[in-house]
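Chemist: File name structure28.tsv; file contents TSV, C-alpha atoms (C1' of nucleotides); full text below.
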```tsv
chain	number	residue	atom	x	y	z
A	1	MET	CA	98.38	90.05	133.98
A	2	ASN	CA	97.15	89.78	137.55
A	3	ASP	CA	95.14	86.98	139.13
A	4	LEU	CA	91.77	88.48	138.35
A	5	SER	CA	92.62	88.73	134.68
A	6	ALA	CA	93.66	85.08	134.70
A	7	VAL	CA	90.42	84.00	136.39
A	8	LEU	CA	88.23	86.05	134.09
A	9	GLY	CA	90.15	84.83	131.08
A	10	ALA	CA	89.73	81.26	132.24
A	11	ILE	CA	85.96	81.49	132.70
A	12	SER	CA	85.43	83.49	129.52
A	13	HIS	CA	85.52	80.34	127.40
A	14	PRO	CA	82.25	78.37	127.18
A	15	SER	CA	84.00	75.01	127.26
A	16	ARG	CA	85.80	75.92	130.44
A	17	ARG	CA	82.56	77.06	132.05
A	18	ALA	CA	81.06	73.75	130.99
A	19	ILE	CA	83.97	71.94	132.61
A	20	ILE	CA	83.39	73.90	135.81
A	21	ALA	CA	79.69	73.06	135.69
A	22	ARG	CA	80.60	69.41	135.41
A	23	LEU	CA	83.08	69.55	138.26
A	24	ALA	CA	80.59	71.32	140.48
A	25	LYS	CA	78.76	68.00	140.57
A	26	GLY	CA	81.84	66.20	141.81
A	27	THR	CA	85.41	65.34	140.99
A	28	ALA	CA	86.22	63.60	137.73
A	29	ARG	CA	89.10	62.18	135.76
A	30	VAL	CA	90.31	63.96	132.63
A	31	THR	CA	88.76	61.42	130.28
A	32	GLU	CA	85.42	61.68	132.05
A	33	ILE	CA	85.52	65.44	131.76
A	34	ALA	CA	86.39	65.25	128.08
A	35	ALA	CA	83.69	62.72	127.18
A	36	PRO	CA	80.78	65.11	126.46
A	37	PHE	CA	82.91	67.38	124.27
A	38	GLU	CA	83.42	67.26	120.54
A	39	MET	CA	87.02	68.28	120.79
A	40	SER	CA	90.01	66.07	121.38
A	41	LEU	CA	91.20	64.94	124.77
A	42	ASN	CA	94.29	67.07	124.28
A	43	ALA	CA	92.22	70.20	123.85
A	44	VAL	CA	90.42	69.44	127.11
A	45	SER	CA	93.76	68.81	128.78
A	46	LYS	CA	94.81	72.30	127.73
A	47	HIS	CA	91.61	73.84	129.07
A	48	LEU	CA	92.27	72.11	132.37
A	49	LYS	CA	95.72	73.62	132.44
A	50	VAL	CA	94.23	77.08	131.97
A	51	LEU	CA	91.76	76.46	134.79
A	52	GLU	CA	94.58	75.14	136.95
A	53	GLY	CA	96.64	78.23	136.21
A	54	ALA	CA	93.77	80.36	137.45
A	55	GLY	CA	93.44	78.25	140.60
A	56	LEU	CA	89.99	77.06	139.62
A	57	ILE	CA	90.81	73.38	139.77
A	58	HIS	CA	93.07	71.16	141.79
A	59	ARG	CA	94.64	68.00	140.45
A	60	GLU	CA	95.36	64.90	142.48
A	61	LYS	CA	97.20	62.11	140.77
A	62	GLN	CA	95.88	58.70	141.64
A	63	GLY	CA	97.94	56.23	139.72
A	64	ARG	CA	97.52	56.92	136.06
A	65	ASP	CA	94.38	58.96	136.71
A	66	HIS	CA	94.34	62.66	137.41
A	67	VAL	CA	91.39	63.39	139.65
A	68	ILE	CA	90.24	66.94	139.09
A	69	GLU	CA	88.48	68.92	141.77
A	70	PHE	CA	86.77	72.29	141.43
A	71	ARG	CA	88.11	75.13	143.56
A	72	ALA	CA	85.76	78.08	143.78
A	73	GLU	CA	87.93	80.46	145.81
A	74	PRO	CA	89.21	82.48	142.84
A	75	LEU	CA	85.62	83.28	141.93
A	76	LYS	CA	85.42	85.39	145.09
A	77	GLN	CA	87.66	87.88	143.33
A	78	VAL	CA	85.24	88.01	140.43
A	79	ALA	CA	82.29	88.45	142.75
A	80	GLY	CA	84.22	91.19	144.53
A	81	TRP	CA	85.00	93.03	141.34
A	82	VAL	CA	81.44	92.85	140.05
A	83	HIS	CA	80.18	93.91	143.46
A	84	GLU	CA	81.80	97.30	143.01
A	85	TYR	CA	79.45	97.99	140.15
A	86	GLU	CA	76.27	96.52	141.57
A	87	ARG	CA	75.09	99.96	142.61
A	88	PHE	CA	74.70	100.77	138.94
A	89	TRP	CA	71.80	98.42	138.70
A	90	ASN	CA	70.70	98.55	142.34
A	91	GLU	CA	69.95	102.23	141.96
A	92	HIS	CA	66.98	101.24	139.89
A	93	LEU	CA	65.46	99.13	142.65
A	94	ASP	CA	62.77	100.52	144.93
A	95	SER	CA	63.70	102.03	148.27
A	96	LEU	CA	62.72	98.99	150.34
A	97	GLU	CA	64.92	96.70	148.31
A	98	SER	CA	67.72	99.25	148.50
A	99	TYR	CA	67.30	99.38	152.24
A	100	PHE	CA	67.83	95.64	152.57
A	101	ILE	CA	70.73	95.70	150.18
A	102	GLU	CA	72.39	98.48	152.15
A	103	LYS	CA	71.67	96.59	155.34
A	104	ARG	CA	73.44	93.55	153.94
A	105	LYS	CA	76.36	95.66	152.80
A	106	ARG	CA	76.82	97.06	156.30
A	107	LYS	CA	77.28	93.57	157.74
B	108	MET	CA	80.44	82.75	121.62
B	109	ASN	CA	77.47	83.84	123.69
B	110	ASP	CA	76.92	87.12	125.52
B	111	LEU	CA	78.42	85.96	128.77
B	112	SER	CA	81.61	84.94	127.02
B	113	ALA	CA	81.80	88.36	125.38
B	114	VAL	CA	81.28	90.15	128.68
B	115	LEU	CA	83.84	88.03	130.52
B	116	GLY	CA	86.28	88.41	127.66
B	117	ALA	CA	85.79	92.16	127.72
B	118	ILE	CA	86.44	92.54	131.45
B	119	SER	CA	89.33	90.08	131.46
B	120	HIS	CA	91.73	92.76	130.24
B	121	PRO	CA	93.16	95.07	132.91
B	122	SER	CA	93.03	98.13	130.65
B	123	ARG	CA	89.37	97.56	129.98
B	124	ARG	CA	88.65	97.19	133.69
B	125	ALA	CA	90.54	100.43	134.22
B	126	ILE	CA	88.39	102.07	131.57
B	127	ILE	CA	85.28	100.82	133.34
B	128	ALA	CA	86.59	102.14	136.66
B	129	ARG	CA	87.07	105.52	135.05
B	130	LEU	CA	83.62	105.54	133.49
B	131	ALA	CA	82.01	104.55	136.78
B	132	LYS	CA	82.90	108.06	137.95
B	133	GLY	CA	81.11	109.62	135.00
B	134	THR	CA	80.93	109.82	131.26
B	135	ALA	CA	84.02	110.83	129.29
B	136	ARG	CA	85.24	111.46	125.79
B	137	VAL	CA	87.59	109.00	124.10
B	138	THR	CA	90.62	111.27	124.49
B	139	GLU	CA	89.89	111.78	128.18
B	140	ILE	CA	89.62	108.05	128.69
B	141	ALA	CA	92.87	107.46	126.85
B	142	ALA	CA	94.86	110.15	128.69
B	143	PRO	CA	96.07	108.07	131.68
B	144	PHE	CA	97.20	105.17	129.49
B	145	GLU	CA	100.61	104.56	128.01
B	146	MET	CA	99.15	103.12	124.83
B	147	SER	CA	98.03	104.99	121.77
B	148	LEU	CA	94.64	106.56	121.34
B	149	ASN	CA	93.89	103.99	118.68
B	150	ALA	CA	94.49	101.13	121.08
B	151	VAL	CA	92.04	102.68	123.53
B	152	SER	CA	89.57	103.14	120.72
B	153	LYS	CA	89.79	99.41	120.06
B	154	HIS	CA	89.25	98.57	123.72
B	155	LEU	CA	86.18	100.76	123.69
B	156	LYS	CA	84.89	98.84	120.71
B	157	VAL	CA	85.29	95.58	122.62
B	158	LEU	CA	83.44	97.03	125.62
B	159	GLU	CA	80.75	98.32	123.29
B	160	GLY	CA	80.42	94.88	121.72
B	161	ALA	CA	79.81	93.43	125.16
B	162	GLY	CA	77.21	96.09	125.91
B	163	LEU	CA	79.29	97.56	128.71
B	164	ILE	CA	79.41	101.05	127.28
B	165	HIS	CA	77.14	103.27	125.28
B	166	ARG	CA	78.36	105.87	122.87
B	167	GLU	CA	76.66	109.16	122.13
B	168	LYS	CA	78.12	111.34	119.42
B	169	GLN	CA	78.14	115.01	120.29
B	170	GLY	CA	79.69	116.83	117.40
B	171	ARG	CA	83.18	115.51	116.94
B	172	ASP	CA	83.22	114.05	120.45
B	173	HIS	CA	82.07	110.58	121.35
B	174	VAL	CA	80.72	110.68	124.87
B	175	ILE	CA	81.10	107.28	126.47
B	176	GLU	CA	78.83	106.06	129.23
B	177	PHE	CA	79.19	102.96	131.38
B	178	ARG	CA	76.39	100.38	131.19
B	179	ALA	CA	76.47	97.86	134.03
B	180	GLU	CA	73.60	95.62	132.95
B	181	PRO	CA	75.76	92.94	131.32
B	182	LEU	CA	77.57	92.49	134.61
B	183	LYS	CA	74.37	91.04	136.04
B	184	GLN	CA	75.02	87.99	133.91
B	185	VAL	CA	78.46	87.66	135.42
B	186	ALA	CA	77.08	88.05	138.93
B	187	GLY	CA	74.45	85.45	138.09
B	188	TRP	CA	76.98	82.97	136.82
B	189	VAL	CA	79.28	83.40	139.81
B	190	HIS	CA	76.30	83.17	142.13
B	191	GLU	CA	75.76	79.56	141.08
B	192	TYR	CA	79.08	78.68	142.65
B	193	GLU	CA	78.92	80.80	145.77
B	194	ARG	CA	77.84	77.80	147.82
B	195	PHE	CA	81.28	76.33	147.24
B	196	TRP	CA	82.89	78.97	149.36
B	197	ASN	CA	79.94	79.55	151.69
B	198	GLU	CA	80.01	75.90	152.66
B	199	HIS	CA	83.65	76.19	153.49
B	200	LEU	CA	83.01	79.36	155.43
B	201	ASP	CA	80.21	77.65	157.36
B	202	SER	CA	82.37	74.71	158.24
B	203	LEU	CA	85.17	77.01	159.27
B	204	GLU	CA	82.78	79.01	161.44
B	205	SER	CA	81.45	75.80	162.99
B	206	TYR	CA	84.96	74.70	163.67
B	207	PHE	CA	85.73	77.83	165.65
B	208	ILE	CA	82.42	77.62	167.49
B	209	GLU	CA	83.13	74.04	168.49
B	210	LYS	CA	86.65	74.98	169.42
B	211	ARG	CA	85.36	77.69	171.78
B	212	LYS	CA	82.90	75.28	173.36
B	213	ARG	CA	85.67	72.81	174.08
B	214	LYS	CA	87.73	75.38	175.96
C	215	DC	C1'	88.07	128.49	103.79
C	216	DA	C1'	91.91	126.75	106.28
C	217	DA	C1'	93.78	124.84	110.30
C	218	DA	C1'	93.21	122.19	114.42
C	219	DC	C1'	90.85	118.67	116.89
C	220	DG	C1'	88.52	114.14	117.95
C	221	DT	C1'	87.87	109.89	116.38
C	222	DT	C1'	87.97	105.94	113.46
C	223	DC	C1'	89.70	103.07	109.51
C	224	DA	C1'	93.26	100.37	107.25
C	225	DA	C1'	97.36	97.94	107.08
C	226	DC	C1'	100.74	95.78	109.43
C	227	DT	C1'	103.38	93.20	113.28
C	228	DA	C1'	103.91	90.17	117.17
C	229	DT	C1'	102.09	87.15	120.31
C	230	DA	C1'	98.49	84.36	122.39
C	231	DA	C1'	94.64	81.15	122.09
C	232	DG	C1'	92.36	77.13	120.62
C	233	DG	C1'	92.52	73.40	118.07
C	234	DT	C1'	94.70	69.26	115.62
C	235	DT	C1'	97.82	64.91	115.26
C	236	DG	C1'	101.44	61.93	116.69
C	237	DA	C1'	104.84	60.57	120.08
C	238	DA	C1'	106.21	60.05	124.90
C	239	DT	C1'	105.46	58.81	129.73
C	240	DA	C1'	103.53	56.37	133.45
C	241	DT	C1'	100.51	53.08	135.53
C	242	DA	C1'	97.43	48.89	135.41
C	243	DG	C1'	96.03	44.42	134.22
C	244	DT	C1'	97.00	39.71	132.23
D	245	DA	C1'	107.17	41.05	129.84
D	246	DC	C1'	103.26	42.73	126.95
D	247	DT	C1'	99.35	45.28	126.05
D	248	DA	C1'	95.96	48.54	127.10
D	249	DT	C1'	94.72	52.84	129.41
D	250	DA	C1'	95.29	57.72	131.12
D	251	DT	C1'	97.46	61.67	130.48
D	252	DT	C1'	100.74	65.00	128.88
D	253	DC	C1'	104.30	66.90	125.65
D	254	DA	C1'	105.74	68.69	121.23
D	255	DA	C1'	105.06	70.45	116.85
D	256	DC	C1'	102.17	72.53	113.95
D	257	DC	C1'	98.09	75.32	111.90
D	258	DT	C1'	94.64	78.90	112.05
D	259	DT	C1'	92.54	82.68	113.95
D	260	DA	C1'	92.10	86.23	117.45
D	261	DT	C1'	94.15	89.91	120.35
D	262	DA	C1'	96.70	93.85	121.38
D	263	DG	C1'	99.44	96.93	119.87
D	264	DT	C1'	101.68	100.17	116.31
D	265	DT	C1'	101.71	103.97	112.53
D	266	DG	C1'	99.73	106.72	109.00
D	267	DA	C1'	95.78	108.27	106.47
D	268	DA	C1'	90.92	109.55	106.33
D	269	DC	C1'	86.69	111.65	107.94
D	270	DG	C1'	83.73	114.84	110.19
D	271	DT	C1'	83.37	118.96	113.32
D	272	DT	C1'	84.76	123.08	115.34
D	273	DT	C1'	87.17	127.40	115.44
D	274	DG	C1'	89.80	131.45	113.82
```
So that I can check it, write out the structure of this file as structure tokens.
Modeler:
Amino acid sequence: MNDLSAVLGAISHPSRRAIIARLAKGTARVTEIAAPFEMSLNAVSKHLKVLEGAGLIHREKQGRDHVIEFRAEPLKQVAGWVHEYERFWNEHLDSLESYFIEKRKRK
Amino acid sequence: MNDLSAVLGAISHPSRRAIIARLAKGTARVTEIAAPFEMSLNAVSKHLKVLEGAGLIHREKQGRDHVIEFRAEPLKQVAGWVHEYERFWNEHLDSLESYFIEKRKRK
DNA sequence: CAAACGTTCAACTATAAGGTTGAATATAGT
DNA sequence: ACTATATTCAACCTTATAGTTGAACGTTTG
């Protein structure tokens, strides 16, 4: 299991994507993150651990609170992987669009 | 479990990404796909079923052969999802670039 | 038709994932 | 010191995942 597998595994769960969406708006404590969910706080705590394992969040302990911050860097790997297959749908674009796409690729 | 979850789940396994990499070079029969792997043919068959469930491959039966073709469309969803978070590393990149620019000015 | 080939189906095993509840730990407030 | 709050840890349950082996099914070939 390499990093990319861990990142993809982490974001493959809807709840974890929801957590990321929340954290994209700003840092939050665990209880705040858990609030909108049906599941228990413990379940959310586990999801956070998965995200942490994939490097998608960073945790800073402030007293009894854990302040969770989103870290997007690992998503670069995902973007990079997907990028290798973009040509499979770019091929269907018209030549002008392809030209600009190729131009961007060359940069 | 929505589509995106299925697609991410499908590509989260290294063997399935390897299968995709193989199919990106051209269609192949199940046995051909399985050849480079340590695991049994049956295991590969299962992986193909997962990829098929996510819409990442298409199967065309030709006699006793199943000819497998890569379908990239579902990856657009992944690219789209990741795209929403690109600003999180672009911002950092921008600030890093600005830092170096300012640094050069100061010299 | 019989044998070989390509693939899946079925049954099983082992491990991981996602959830629960209850207890433990650490900090904060009175 | 006592109580409430924030979070994790531990144990457990259920279901899913990834793999195995052996049998079945359809197709091709001699």
Chemist: Using all atoms listed in the file, which of the listed residues (B:Ala131, B:Leu158, B:Leu111, B:Val137) sits closest to Asp172 (chain B)?
Modeler: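 Comparing B:Ala131, B:Leu158, B:Leu111, B:Val137 against Asp172 (chain B), the winner is B:Val137.
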Chemist: Output the coordinates of chain A after least-squares fitting to chain B on all in-order C-alpha pairs, as an mmCIF file with C-alpha atoms, in the frame of the given file.
Modeler:
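The file below, out_3.cif, is the result:
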```cif
data_model
loop_
_atom_site.group_PDB
_atom_site.id
_atom_site.type_symbol
_atom_site.label_atom_id
_atom_site.label_comp_id
_atom_site.auth_asym_id
_atom_site.auth_seq_id
_atom_site.Cartn_x
_atom_site.Cartn_y
_atom_site.Cartn_z
ATOM 1 C CA MET A 1 78.352 82.436 123.611
ATOM 2 C CA ASN A 2 76.144 83.454 126.512
ATOM 3 C CA ASP A 3 76.262 86.660 128.534
ATOM 4 C CA LEU A 4 78.649 85.347 131.140
ATOM 5 C CA SER A 5 81.155 84.364 128.493
ATOM 6 C CA ALA A 6 80.920 87.851 127.014
ATOM 7 C CA VAL A 7 81.468 89.500 130.405
ATOM 8 C CA LEU A 8 84.381 87.270 131.312
ATOM 9 C CA GLY A 9 85.891 87.751 127.889
ATOM 10 C CA ALA A 10 85.536 91.495 128.241
ATOM 11 C CA ILE A 11 87.259 91.685 131.628
ATOM 12 C CA SER A 12 89.964 89.198 130.686
ATOM 13 C CA HIS A 13 91.969 91.893 128.912
ATOM 14 C CA PRO A 14 94.189 94.071 131.136
ATOM 15 C CA SER A 15 93.476 97.223 129.157
ATOM 16 C CA ARG A 16 89.763 96.747 129.563
ATOM 17 C CA ARG A 17 90.152 96.208 133.297
ATOM 18 C CA ALA A 18 92.200 99.391 133.378
ATOM 19 C CA ILE A 19 89.414 101.200 131.551
ATOM 20 C CA ILE A 20 86.919 99.909 134.106
ATOM 21 C CA ALA A 21 89.186 101.037 136.934
ATOM 22 C CA ARG A 22 89.270 104.481 135.399
ATOM 23 C CA LEU A 23 85.522 104.641 134.933
ATOM 24 C CA ALA A 24 84.926 103.528 138.492
ATOM 25 C CA LYS A 25 86.217 106.958 139.466
ATOM 26 C CA GLY A 26 83.646 108.673 137.296
ATOM 27 C CA THR A 27 82.394 109.052 133.768
ATOM 28 C CA ALA A 28 84.786 110.096 131.029
ATOM 29 C CA ARG A 29 84.923 110.877 127.347
ATOM 30 C CA VAL A 30 86.629 108.461 124.963
ATOM 31 C CA THR A 31 89.685 110.661 124.518
ATOM 32 C CA GLU A 32 90.089 111.021 128.269
ATOM 33 C CA ILE A 33 89.892 107.276 128.684
ATOM 34 C CA ALA A 34 92.439 106.721 125.938
ATOM 35 C CA ALA A 35 94.952 109.274 127.227
ATOM 36 C CA PRO A 36 96.942 107.060 129.643
ATOM 37 C CA PHE A 37 97.310 104.253 127.100
ATOM 38 C CA GLU A 38 100.093 103.651 124.635
ATOM 39 C CA MET A 39 97.758 102.379 121.991
ATOM 40 C CA SER A 40 95.812 104.387 119.470
ATOM 41 C CA LEU A 41 92.475 106.001 120.136
ATOM 42 C CA ASN A 42 90.923 103.554 117.702
ATOM 43 C CA ALA A 43 92.126 100.593 119.715
ATOM 44 C CA VAL A 44 90.543 102.085 122.831
ATOM 45 C CA SER A 45 87.356 102.709 120.884
ATOM 46 C CA LYS A 46 87.274 99.008 120.059
ATOM 47 C CA HIS A 47 87.823 98.024 123.684
ATOM 48 C CA LEU A 48 84.919 100.257 124.632
ATOM 49 C CA LYS A 49 82.766 98.486 122.098
ATOM 50 C CA VAL A 50 83.643 95.144 123.670
ATOM 51 C CA LEU A 51 82.784 96.479 127.122
ATOM 52 C CA GLU A 52 79.556 97.913 125.748
ATOM 53 C CA GLY A 53 78.692 94.571 124.192
ATOM 54 C CA ALA A 54 79.078 92.962 127.594
ATOM 55 C CA GLY A 55 76.892 95.627 129.208
ATOM 56 C CA LEU A 56 79.759 96.920 131.303
ATOM 57 C CA ILE A 57 79.544 100.480 130.069
ATOM 58 C CA HIS A 58 76.838 102.820 128.923
ATOM 59 C CA ARG A 59 77.370 105.535 126.355
ATOM 60 C CA GLU A 60 75.612 108.875 126.326
ATOM 61 C CA LYS A 61 76.258 111.136 123.400
ATOM 62 C CA GLN A 62 76.631 114.750 124.362
ATOM 63 C CA GLY A 63 77.294 116.641 121.197
ATOM 64 C CA ARG A 64 80.463 115.340 119.676
ATOM 65 C CA ASP A 65 81.493 113.737 122.964
ATOM 66 C CA HIS A 66 80.570 110.242 124.021
ATOM 67 C CA VAL A 67 80.321 110.193 127.788
ATOM 68 C CA ILE A 68 81.071 106.715 129.047
ATOM 69 C CA GLU A 69 79.665 105.416 132.293
ATOM 70 C CA PHE A 70 80.568 102.204 134.100
ATOM 71 C CA ARG A 71 77.781 99.689 134.650
ATOM 72 C CA ALA A 72 78.627 97.046 137.214
ATOM 73 C CA GLU A 73 75.501 94.890 136.948
ATOM 74 C CA PRO A 74 77.012 92.262 134.636
ATOM 75 C CA LEU A 75 79.700 91.630 137.230
ATOM 76 C CA LYS A 76 77.009 90.152 139.478
ATOM 77 C CA GLN A 77 76.940 87.197 137.116
ATOM 78 C CA VAL A 78 80.669 86.759 137.552
ATOM 79 C CA ALA A 79 80.384 87.008 141.312
ATOM 80 C CA GLY A 80 77.561 84.476 141.170
ATOM 81 C CA TRP A 81 79.553 82.028 139.118
ATOM 82 C CA VAL A 82 82.634 82.285 141.311
ATOM 83 C CA HIS A 83 80.441 81.974 144.382
ATOM 84 C CA GLU A 84 79.556 78.429 143.397
ATOM 85 C CA TYR A 85 83.156 77.444 143.895
ATOM 86 C CA GLU A 86 83.930 79.421 147.023
ATOM 87 C CA ARG A 87 83.396 76.343 149.156
ATOM 88 C CA PHE A 88 86.544 74.921 147.625
ATOM 89 C CA TRP A 89 88.611 77.436 149.468
ATOM 90 C CA ASN A 90 86.232 78.063 152.370
ATOM 91 C CA GLU A 91 86.596 74.456 153.421
ATOM 92 C CA HIS A 92 90.066 75.314 154.565
ATOM 93 C CA LEU A 93 88.871 78.014 156.944
ATOM 94 C CA ASP A 94 88.377 77.301 160.634
ATOM 95 C CA SER A 95 84.962 76.344 161.947
ATOM 96 C CA LEU A 96 84.122 79.782 163.346
ATOM 97 C CA GLU A 97 84.778 81.465 160.038
ATOM 98 C CA SER A 98 82.788 78.754 158.285
ATOM 99 C CA TYR A 99 79.945 79.340 160.683
ATOM 100 C CA PHE A 100 79.752 83.016 159.775
ATOM 101 C CA ILE A 101 80.072 82.269 156.105
ATOM 102 C CA GLU A 102 77.242 79.756 156.295
ATOM 103 C CA LYS A 103 75.221 82.247 158.289
ATOM 104 C CA ARG A 104 75.678 84.816 155.546
ATOM 105 C CA LYS A 105 74.756 82.285 152.895
ATOM 106 C CA ARG A 106 71.486 81.506 154.661
ATOM 107 C CA LYS A 107 70.397 85.144 154.457
#
```
Chemist: Could you list the residues in chain B lying within 7 Å of chain D, using only C-alpha atoms (C1' of nucleotides), and format the result as an NGL selection string?
Modeler: :B and (150 or 170-171)
Chemist: Near chain A, meaning an atom within 9 Å, which residues of chain B appear when counting all atoms listed in the file? Write them as a compact mmCIF listing (two decimals) with C-alpha atoms, in the frame of the given file.
Modeler:
```
# COMPACT_ATOMS: atom_id res chain seq x y z
CA MET B 108 80.44 82.75 121.62
CA ASN B 109 77.47 83.84 123.69
CA LEU B 111 78.42 85.96 128.77
CA SER B 112 81.61 84.94 127.02
CA ALA B 113 81.80 88.36 125.38
CA VAL B 114 81.28 90.15 128.68
CA LEU B 115 83.84 88.03 130.52
CA GLY B 116 86.28 88.41 127.66
CA ALA B 117 85.79 92.16 127.72
CA ILE B 118 86.44 92.54 131.45
CA SER B 119 89.33 90.08 131.46
CA HIS B 120 91.73 92.76 130.24
CA PRO B 121 93.16 95.07 132.91
CA ALA B 128 86.59 102.14 136.66
CA ALA B 131 82.01 104.55 136.78
CA ARG B 178 76.39 100.38 131.19
CA ALA B 179 76.47 97.86 134.03
CA GLU B 180 73.60 95.62 132.95
CA LEU B 182 77.57 92.49 134.61
CA LYS B 183 74.37 91.04 136.04
CA VAL B 185 78.46 87.66 135.42
CA ALA B 186 77.08 88.05 138.93
CA VAL B 189 79.28 83.40 139.81
CA HIS B 190 76.30 83.17 142.13
CA TYR B 192 79.08 78.68 142.65
CA GLU B 193 78.92 80.80 145.77
CA ARG B 194 77.84 77.80 147.82
CA PHE B 195 81.28 76.33 147.24
CA TRP B 196 82.89 78.97 149.36
```
Chemist: Could I get the residues of chain C with an atom no further than 9 Å from an atom of chain B, each paired with its nearest atom pair and that distance in Å to one decimal, using all atoms listed in the file, sorted by chain and residue number, as a Markdown table?
Modeler:
```
| residue | atom | partner | partner_atom | distance |
| --- | --- | --- | --- | --- |
| C:DC219 | C1' | B:Arg171 | CA | 8.3 |
| C:DG220 | C1' | B:Arg171 | CA | 5.6 |
| C:DT221 | C1' | B:Arg171 | CA | 7.3 |
| C:DT222 | C1' | B:Ser152 | CA | 7.9 |
```
Chemist: Determine the nearest neighbour of DG232 (chain C) from the options A:Met39, A:Ala34, A:Ile68, A:Ile19, counting all atoms listed in the file.
Modeler: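 Among the listed residues, the smallest separation from DG232 (chain C) belongs to A:Met39.
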